[in-house]
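Right, one structure below, let's go through it.
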Amino acid sequence: MSFINYVINGVSLGSIYAIIALGYTMVYGIARMLNFAHGDVIMVGAFTVFFGVSMQGFNPFVAVLLSIAVCITLGITIEFIAYRPLRGAASSLVVLITAIGVSYFLQNLALLIFGANPKSFTSMVPLNPIRLAGGQIVISGETIVTILSCLIIMISLTAFIKKTKPGQAMLAVSEDKGAAQLMGINVNGTITLTFAIGSGLAAVAGILLCSAYPSLSPYTGSMPGIKAFIAAVFGGIGSIPGALIGGILLGVIEILGRAYISSQLADVIVFMVLIFVLLVKPTGILGRKLQEKV
Amino acid sequence: MDKIPKIWRDNLITYGMVIAIYAVMQILISFGLVSRLMQGLLVPLCIYVILAISLNLTVGILGELSLGHAGFMCLGAFAGAFFSKITVEAITFSPLRFFLAIVIGAVVAGFFGFLIGMPVLRFRGDYLAIVTLAFGEIIKNVINALFVGLDDRGFHFSLSDRASLGLYEDGEVIINGAQGIIGTPQDSNFTVGIVLVLLTLFIVQNLIRSRDGRAIMSIRDNLIASESIGIHVTKYKLMAFSISAALAGVAGVLYSHNLNNVVASPRAFGYNMSIMILVFVVLGGIGNIRGSMIAAVVLTLLPEMMRGLDRYRMLIYAIVLIVMMLFNWSPQILAWREQHSIKDLIGRVRGRSRV
């Protein structure tokens, strides 16, 4: 029975990775950049809720909305100040380094405001745990909310991209920027929209992450950020269902590895599986094969 | 001066710069003008410069992105320290022992570079970046969980804890899990560091100017074209990547022999360290060896210079980094700089504008 519990926990953690991975995957698909500051946007989202609820006594629902708004604004601002001027720079590495600069900036800003000591985060989920099979399987309220929000986000995002004009514009920009511009698509606006969606999702992920693992520090976002990036690669970078599959697989492997093999080596197992997957299928599980042209 | 080819002159300037800095520092130290803090920074500076040069070989010359350079450094550090620790009594002549440790560190790191590169470098795209990122984390975590002991019966290995090594009473724990290796001989010093910097420079600059180096750069510039003229792409990619890894290993040996104990901490060998080295390379100019050396020195000294700013220094560091990247690479800013360059201004004043 503990096995089933571990799997459920794994799916829950994986759902959080999947939501974060969406931000990576969408930005990579459209702007061809690894946004290494994404993990720190998660941290900002969680700190905003912490600030609202624990320090100012806001209603949790208001605090969550505020946090999403703050992260969306932050995402748009970062894109405008740090990434947009570098579009068309000689090397794609440049914007990666700038993203790292932004990441340092956010971490140190949080360090200045909130200090280095981990804060205990009050869970935003008011549900009681559900017990199944005579109390042997316990599903916490956080798990239910996490998995449900992940599903809702995936479905609505897929619908958004498939059915709406801005969604179609995103697809077009990710295929070919130049051609999209000729078709009258506002490329810069579309990229801004992508950053806004990704950052809003990061806020949600941050709140869910800190509700399930209630410790919050300026570095909270960095490791889940890297793991989510790995999840995005795992599922095939640029693919939304890929982010879901990659995230959940990663979460389950991590939790099972921690439970049955070694808690210290759990990350090692995750990374080994990643290397193995990439060697067998270099584009990730759902990735498309790109034909190289001369 | 005109008789010497430009390439040679360029290389000689770089060597001269290193030697001049060494001489100036030695003079300042002998007059007691260098603070203790600064003296403590000299060996780390050499380490970062070596790392920057070696990563520039992968990123700038080969054109592949590596996000796990600290992993190779970690391997070198532990391989070298392991060797020194077990031979500290057998080889009493410390320069020889340190030399052997460096060779071992380089070989181990280079071998792992070869091992990782062999499958990964066949692919095109950002795979090396992701796999090296994963590799760096694997190395750090495995070493943190690794216990190695030595007694009369030989070596004992364990991945769980110290007790499961099953050592005899007289046995000694060499790698003690998360505590790392304690009691490495402190063989590193500024002179050795500078010698290793010069050696790294010599290896990399000669590689770049050799036939092999030109093959490597042709792969960077156009993979398909270089393949079509018969260049063995995987072989040359592997060559550059393994040499780069081996040199990172050398930096690692220098690192582990500068301290009394080495710990595979995230700060020293984690992903952030790999990124830090990448920042040196990109800020200094991708493919520009001298630039990356200067960037390594400036960015290491910058936070130390700003100690007075205390809590704000890392925040300012981040802002400086972003602004420098924008200033050096943004197409609009570059165009603006082109129009308002000092050379141009002087030219205009002299009445022979270059535009």
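Numbering starts fresh at 1 for the residues of each chain in the structure tokens, the chains themselves are lettered A, B, ... in the order given, and ligands are numbered from 1 as they appear.
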Once you count only C-alpha atoms, what closest atom pair and distance in Å to one decimal does each residue of chain B within 8 Å of chain A have, with rows by chain and rising residue number, as CSV?
```
residue,atom,partner,partner_atom,distance
B:Pro119,CA,A:Leu279,CA,7.1
B:Val120,CA,A:Leu279,CA,7.2
B:Phe123,CA,A:Pro282,CA,7.6
B:Tyr127,CA,A:Pro282,CA,7.6
B:Ile130,CA,A:Ile230,CA,7.7
B:Val131,CA,A:Ile275,CA,6.0
B:Ala134,CA,A:Phe271,CA,5.2
B:Phe135,CA,A:Phe271,CA,7.4
B:Glu137,CA,A:Val268,CA,7.2
B:Ile138,CA,A:Val268,CA,4.9
B:Asn141,CA,A:Val268,CA,6.5
B:Val142,CA,A:Leu265,CA,6.9
B:Ala145,CA,A:Gln264,CA,6.7
B:Ile224,CA,A:Val294,CA,6.9
B:Ile275,CA,A:Ile100,CA,7.9
B:Leu278,CA,A:Ile97,CA,7.8
B:Val279,CA,A:Ile97,CA,6.2
B:Val282,CA,A:Val94,CA,6.8
B:Arg311,CA,A:Leu112,CA,7.0
B:Tyr312,CA,A:Leu112,CA,7.6
B:Met314,CA,A:Asn108,CA,6.4
B:Leu315,CA,A:Asn108,CA,5.4
B:Ala318,CA,A:Phe105,CA,5.1
B:Ile319,CA,A:Phe105,CA,6.7
B:Leu321,CA,A:Gly101,CA,5.9
B:Ile322,CA,A:Thr98,CA,5.4
B:Met325,CA,A:Thr98,CA,6.4
B:Leu326,CA,A:Leu86,CA,6.8
B:Trp329,CA,A:Ala89,CA,6.0
B:Ser330,CA,A:Leu86,CA,4.6
B:Pro331,CA,A:Ala89,CA,5.8
B:Gln332,CA,A:Pro85,CA,7.2
```
Going by DSSP on the backbone, which bits of stretch 66-269 of chain A are alpha helix (DSSP H)? Write them as a PyMOL selection string, please. chain A and resi 66-78+93-114+141-163+165-175+177-182+187-212+222-235+240-260+266-269
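Between A:Asn9 and the candidates A:Ile255, A:Met43, A:Ile137, A:Leu216, the tightest atom-to-atom separation, counting only C-alpha atoms, involves A:Ile255.
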What parts of stretch 48-272 of chain A does DSSP call strand (DSSP E or B)? I'd like the answer as a ChimeraX atom specification. /A:119-120,130-132,137-139,215-216
